[in-house]
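Participant: A single structure is presented below for examination.
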Amino acid sequence: MASSARRPASKAPRSAIPQLSWRAPQPAPVVLVSGPEEVCAERAIAGVRDYLRAEDPTLEVTDIRADDYAAGTLLTVTSPSLFGEPRLVRVSGVEKCSDTFLAEAVSYLAMPQDGATVVLRHTGASVRGKKLLDAIRAGEGSGVEIACPAIKRDSDRFDFAAGEFQAAKKRIAPPALRALVSAFTDDLTELAAACQQLIADVPGDITEQVVERYYGGRVETSAFTVADTAIAGRYGEALIALRHALASGADPVPLVAAVAMKLRSMARVAGTRESSSALAARLGMKDWQIDRARRDLVGWNEESLGRAIQATARADAEVKGGSRDAVFALERMITVIATRAPYGS
């Protein structure tokens, strides 16, 4: 099963404060939840709440908006109550914050209230609030940051879903994971909900048949289906899969990227004799990715693999504007790969 320990899709700003995973959030006087991915941010904020509530069920939770802020609110809701209950203050819309909130929040960093945890949600959609973010990241206010970068690439969604099952200590077969991700390519919220449903409903390991039973109606021809059939040498199936993918709205650029990713894995693994685990550790891949690349290499040699990589590089340039006919570029790439034809044909 794939690990979720892949590096983030984008680098977090340089920071002097601890950087926490959204899967393992912890409270601090000030918690900055940054980045555009709402699913991850919601998980992080809920995790902070659950952590505090487990320590003290009397936790008081208050929600305020930074863009519709009344002066003095932050100090009021963070101040100790009569009975001294811990306080959690969740602040949304920091990227749209008012001048009043910005000034009071920056001042608050100099003297956070005992027993209070302030969670600041900033999507990164604007530079509004940058002064506050810079102050937090500089170490003022005893803060931590939980980065939630955008999850856009197929590989990022794959790792996200793998992490869902890993966190639940639930095994899912790689083909089942791929089928599940293929069923929810456009909506991470739906993908997360599907993962949680399978985790809750299925008592044993999750197989491809289980995913098909639950979500088979949603699985459309994916970029990886096109790549798999072409690399396996099933020319007719590959062309049909390509046309179905395009008819269902697939973008040519990710289609080429999926093929390129598989060919790169094959090239890295080709000719090696190390065990899957040793090679995976050396290359920064997963054991199952090594095994899959080795299976994909059956029927290939150095020359045909080189031609396929050249054809894919050419198609990549053409679908990004180098040709007027992206469909023809894709079909030529598939032909070279699936038939092992000479590159210039």
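Here's how to read the names in the structure tokens: chain A, B, ... by the order shown, residue numbers from 1 in each chain, ligand numbers from 1 in the order shown.
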Hey, what's within 10 Å of region 112-120 of chain A if we count only C-alpha atoms and toss same-chain stuff fewer than 2 positions away? As a PyMOL selection string, please?

Facilitator: chain A and resi 27-34+44-45+48-49+52+59-66+74-75+77-80+84-95+105+107-110+122-123+132-133+140-145

Participant: So that each row is one residue of region 37-131 of chain A with an atom at most 10 Å from region 176-195 of chain A, can you give its shortest atom pair and the distance in Å to one decimal, using only C-alpha atoms, rows by chain and rising number, as a Markdown table?

Facilitator:
```
| residue | atom | partner | partner_atom | distance |
| --- | --- | --- | --- | --- |
| A:Glu37 | CA | A:Leu188 | CA | 8.9 |
| A:Glu38 | CA | A:Thr189 | CA | 8.5 |
| A:Val39 | CA | A:Thr189 | CA | 6.1 |
| A:Cys40 | CA | A:Thr189 | CA | 9.4 |
```

Participant: For the selection you just gave me, I'd like the residues written to a file as a PDB file, in the first residue's frame, keeping N, CA, C and O atoms.

Facilitator:
```pdb
ATOM      1  N   GLU A  37      -6.226  23.726   0.068  1.00  0.00           N
ATOM      2  CA  GLU A  37      -6.978  22.465   0.061  1.00  0.00           C
ATOM      3  C   GLU A  37      -7.899  22.366   1.269  1.00  0.00           C
ATOM      4  O   GLU A  37      -7.486  22.060   2.382  1.00  0.00           O
ATOM      5  N   GLU A  38      -9.195  22.619   1.026  1.00  0.00           N
ATOM      6  CA  GLU A  38     -10.164  22.703   2.118  1.00  0.00           C
ATOM      7  C   GLU A  38     -10.374  21.375   2.847  1.00  0.00           C
ATOM      8  O   GLU A  38     -10.585  21.349   4.053  1.00  0.00           O
ATOM      9  N   VAL A  39     -10.338  20.269   2.120  1.00  0.00           N
ATOM     10  CA  VAL A  39     -10.535  18.972   2.772  1.00  0.00           C
ATOM     11  C   VAL A  39      -9.474  18.767   3.850  1.00  0.00           C
ATOM     12  O   VAL A  39      -9.775  18.376   4.986  1.00  0.00           O
ATOM     13  N   CYS A  40      -8.229  19.038   3.509  1.00  0.00           N
ATOM     14  CA  CYS A  40      -7.134  18.864   4.463  1.00  0.00           C
ATOM     15  C   CYS A  40      -7.229  19.870   5.606  1.00  0.00           C
ATOM     16  O   CYS A  40      -6.973  19.535   6.768  1.00  0.00           O
TER      17      CYS A  40
END
```

Participant: Looking only at strand (DSSP E) from DSSP on the backbone, list the matching residues of region 80-249 of chain A as a list in words.

Facilitator: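 Strand (DSSP E) assignments inside region 80-249 of chain A correspond to Arg87, Leu88, Val89, Arg90, Val91, Ser92, Ala116, Thr117, Val118, Val119, Leu120, Arg121, His122, Gly143, Val144, Glu145, Ile146 and Ala147 of chain A.
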
Participant: Could those selected residues go to a file with all heavy atoms, as a CSV table (one decimal), in the first residue's frame?

Facilitator:
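Listing of again37.csv after writing:
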```csv
chain,number,residue,atom,x,y,z
A,87,ARG,N,-10.2,27.3,25.9
A,87,ARG,CA,-11.0,27.9,24.8
A,87,ARG,C,-10.3,27.6,23.4
A,87,ARG,O,-9.1,27.6,23.3
A,87,ARG,CB,-11.0,29.4,24.9
A,87,ARG,CG,-12.0,29.9,26.0
A,87,ARG,CD,-11.3,30.0,27.3
A,87,ARG,NE,-10.2,31.0,27.3
A,87,ARG,CZ,-9.2,30.8,28.1
A,87,ARG,NH1,-9.1,29.8,29.0
A,87,ARG,NH2,-8.2,31.7,28.1
A,88,LEU,N,-11.1,27.3,22.4
A,88,LEU,CA,-10.7,27.1,21.1
A,88,LEU,C,-11.4,28.2,20.2
A,88,LEU,O,-12.6,28.2,20.2
A,88,LEU,CB,-11.0,25.7,20.5
A,88,LEU,CG,-10.8,25.5,19.0
A,88,LEU,CD1,-9.3,25.7,18.6
A,88,LEU,CD2,-11.3,24.1,18.6
A,89,VAL,N,-10.6,29.0,19.5
A,89,VAL,CA,-11.2,30.0,18.7
A,89,VAL,C,-10.8,29.8,17.3
A,89,VAL,O,-9.6,29.7,16.9
A,89,VAL,CB,-10.7,31.4,19.1
A,89,VAL,CG1,-11.3,32.5,18.2
A,89,VAL,CG2,-11.1,31.7,20.6
A,90,ARG,N,-11.8,29.5,16.4
A,90,ARG,CA,-11.5,29.2,15.0
A,90,ARG,C,-11.9,30.4,14.2
A,90,ARG,O,-13.0,30.9,14.1
A,90,ARG,CB,-12.4,28.0,14.6
A,90,ARG,CG,-12.1,26.7,15.4
A,90,ARG,CD,-12.9,25.5,15.0
A,90,ARG,NE,-14.3,25.7,15.2
A,90,ARG,CZ,-15.2,24.7,15.3
A,90,ARG,NH1,-14.8,23.5,15.2
A,90,ARG,NH2,-16.5,25.0,15.4
A,91,VAL,N,-10.8,30.9,13.5
A,91,VAL,CA,-11.0,32.1,12.7
A,91,VAL,C,-10.9,31.8,11.2
A,91,VAL,O,-9.9,31.3,10.7
A,91,VAL,CB,-9.9,33.2,13.0
A,91,VAL,CG1,-10.2,34.5,12.3
A,91,VAL,CG2,-9.8,33.4,14.5
A,92,SER,N,-12.0,32.1,10.5
A,92,SER,CA,-12.0,31.8,9.0
A,92,SER,C,-11.8,33.1,8.3
A,92,SER,O,-12.0,34.2,8.8
A,92,SER,CB,-13.4,31.2,8.7
A,92,SER,OG,-14.4,32.0,9.0
A,116,ALA,N,-5.9,29.3,25.8
A,116,ALA,CA,-6.7,29.6,24.6
A,116,ALA,C,-5.8,29.1,23.4
A,116,ALA,O,-4.6,29.2,23.4
A,116,ALA,CB,-6.9,31.1,24.4
A,117,THR,N,-6.5,28.5,22.4
A,117,THR,CA,-5.9,28.1,21.2
A,117,THR,C,-6.7,28.8,20.1
A,117,THR,O,-7.9,28.7,19.9
A,117,THR,CB,-6.1,26.5,21.0
A,117,THR,OG1,-5.4,25.8,22.0
A,117,THR,CG2,-5.5,26.1,19.6
A,118,VAL,N,-5.9,29.6,19.3
A,118,VAL,CA,-6.5,30.3,18.2
A,118,VAL,C,-6.0,29.7,16.9
A,118,VAL,O,-4.8,29.6,16.6
A,118,VAL,CB,-6.1,31.8,18.2
A,118,VAL,CG1,-6.6,32.6,17.0
A,118,VAL,CG2,-6.5,32.5,19.5
A,119,VAL,N,-7.0,29.2,16.1
A,119,VAL,CA,-6.7,28.6,14.8
A,119,VAL,C,-7.1,29.6,13.7
A,119,VAL,O,-8.2,30.1,13.6
A,119,VAL,CB,-7.5,27.3,14.6
A,119,VAL,CG1,-7.3,26.8,13.2
A,119,VAL,CG2,-7.2,26.3,15.6
A,120,LEU,N,-6.1,30.0,12.9
A,120,LEU,CA,-6.3,31.0,11.8
A,120,LEU,C,-6.2,30.3,10.5
A,120,LEU,O,-5.3,29.6,10.1
A,120,LEU,CB,-5.1,32.0,11.9
A,120,LEU,CG,-5.0,32.8,13.2
A,120,LEU,CD1,-3.7,33.6,13.2
A,120,LEU,CD2,-6.2,33.7,13.4
A,121,ARG,N,-7.3,30.4,9.8
A,121,ARG,CA,-7.4,29.7,8.5
A,121,ARG,C,-7.2,30.7,7.3
A,121,ARG,O,-7.9,31.7,7.1
A,121,ARG,CB,-8.8,29.1,8.3
A,121,ARG,CG,-9.1,28.5,6.9
A,121,ARG,CD,-8.3,27.2,6.7
A,121,ARG,NE,-8.5,26.7,5.3
A,121,ARG,CZ,-7.6,26.6,4.4
A,121,ARG,NH1,-6.4,27.1,4.6
A,121,ARG,NH2,-7.8,26.1,3.2
A,122,HIS,N,-6.1,30.5,6.6
A,122,HIS,CA,-5.7,31.4,5.5
A,122,HIS,C,-5.5,30.5,4.2
A,122,HIS,O,-4.7,29.6,4.2
A,122,HIS,CB,-4.4,32.1,5.8
A,122,HIS,CG,-4.2,33.3,4.8
A,122,HIS,ND1,-3.9,33.1,3.5
A,122,HIS,CD2,-4.1,34.6,5.0
A,122,HIS,CE1,-3.7,34.2,2.9
A,122,HIS,NE2,-3.8,35.2,3.8
A,143,GLY,N,3.5,29.9,17.8
A,143,GLY,CA,2.7,29.2,16.8
A,143,GLY,C,3.2,28.0,16.2
A,143,GLY,O,4.4,27.6,16.3
A,144,VAL,N,2.3,27.3,15.5
A,144,VAL,CA,2.7,26.2,14.6
A,144,VAL,C,1.9,26.4,13.3
A,144,VAL,O,1.0,27.1,13.2
A,144,VAL,CB,2.3,24.8,15.2
A,144,VAL,CG1,3.0,24.5,16.5
A,144,VAL,CG2,0.8,24.6,15.4
A,145,GLU,N,2.4,25.8,12.2
A,145,GLU,CA,1.8,25.9,10.9
A,145,GLU,C,1.4,24.5,10.4
A,145,GLU,O,2.2,23.6,10.5
A,145,GLU,CB,2.6,26.6,9.9
A,145,GLU,CG,1.9,26.8,8.6
A,145,GLU,CD,2.7,27.8,7.6
A,145,GLU,OE1,3.8,28.1,8.0
A,145,GLU,OE2,2.1,28.1,6.6
A,146,ILE,N,0.2,24.4,9.9
A,146,ILE,CA,-0.2,23.2,9.2
A,146,ILE,C,-0.5,23.6,7.7
A,146,ILE,O,-1.5,24.3,7.4
A,146,ILE,CB,-1.5,22.6,9.9
A,146,ILE,CG1,-1.2,22.4,11.3
A,146,ILE,CG2,-2.0,21.4,9.1
A,146,ILE,CD1,-2.5,22.0,12.1
A,147,ALA,N,0.3,23.1,6.8
A,147,ALA,CA,0.2,23.5,5.4
A,147,ALA,C,-0.7,22.5,4.7
A,147,ALA,O,-0.7,21.3,4.9
A,147,ALA,CB,1.6,23.5,4.7
```

Participant: At a cut-off of 8 Å, using only C-alpha atoms, what residues contact Asp205 (chain A)? Leave out same-chain residues fewer than 6 positions from it and give the result as a PyMOL selection string.

Facilitator: chain A and resi 170-173

Participant: Applying 9 Å and only C-alpha atoms, which residues near region 232-244 of chain A remain after dropping the ones on its own chain fewer than 6 positions away? List them as a PyMOL selection string.

Facilitator: chain A and resi 220-223+225-226+250+255+296-299+327+330-331+334-335+337-340

Participant: Neighbouring residues of Ile290 (chain A) were defined as those with any atom within 8 Å, considering only C-alpha atoms; residues of the same chain fewer than 4 positions away were excluded. Please report them as a PyMOL selection string.

Facilitator: chain A and resi 265+269+276+279-280+285-286+294

Participant: Can you tell me, as a PDB file with N, CA, C and O atoms, in the first residue's frame, what residues are no more than 10 Å from Ala313 (chain A) when counting only C-alpha atoms, ignoring any on the same chain fewer than 5 positions away?

Facilitator:
```pdb
ATOM      1  N   VAL A 256      -0.903  12.498 -21.559  1.00  0.00           N
ATOM      2  CA  VAL A 256       0.516  12.308 -21.874  1.00  0.00           C
ATOM      3  C   VAL A 256       1.327  12.163 -20.587  1.00  0.00           C
ATOM      4  O   VAL A 256       2.243  11.337 -20.500  1.00  0.00           O
ATOM      5  N   ALA A 257       0.976  12.944 -19.567  1.00  0.00           N
ATOM      6  CA  ALA A 257       1.713  12.889 -18.299  1.00  0.00           C
ATOM      7  C   ALA A 257       1.618  11.508 -17.661  1.00  0.00           C
ATOM      8  O   ALA A 257       2.591  11.014 -17.070  1.00  0.00           O
ATOM      9  N   ALA A 260       3.933   9.250 -19.539  1.00  0.00           N
ATOM     10  CA  ALA A 260       5.321   9.601 -19.227  1.00  0.00           C
ATOM     11  C   ALA A 260       5.723   9.098 -17.846  1.00  0.00           C
ATOM     12  O   ALA A 260       6.847   8.605 -17.654  1.00  0.00           O
ATOM     13  N   ARG A 307      12.493   4.589 -27.772  1.00  0.00           N
ATOM     14  CA  ARG A 307      11.592   5.151 -28.785  1.00  0.00           C
ATOM     15  C   ARG A 307      10.298   5.637 -28.146  1.00  0.00           C
ATOM     16  O   ARG A 307       9.759   6.690 -28.510  1.00  0.00           O
ATOM     17  N   ALA A 308       9.776   4.865 -27.197  1.00  0.00           N
ATOM     18  CA  ALA A 308       8.532   5.261 -26.531  1.00  0.00           C
ATOM     19  C   ALA A 308       8.714   6.560 -25.754  1.00  0.00           C
ATOM     20  O   ALA A 308       7.834   7.437 -25.771  1.00  0.00           O
ATOM     21  N   GLU A 318       3.700  18.715 -28.300  1.00  0.00           N
ATOM     22  CA  GLU A 318       2.640  19.007 -29.262  1.00  0.00           C
ATOM     23  C   GLU A 318       1.304  19.326 -28.578  1.00  0.00           C
ATOM     24  O   GLU A 318       0.595  20.239 -28.995  1.00  0.00           O
ATOM     25  N   MET A 333       1.510   8.859 -30.581  1.00  0.00           N
ATOM     26  CA  MET A 333       2.230   8.384 -29.397  1.00  0.00           C
ATOM     27  C   MET A 333       1.778   6.978 -29.011  1.00  0.00           C
ATOM     28  O   MET A 333       2.600   6.089 -28.757  1.00  0.00           O
TER      29      MET A 333
END
```
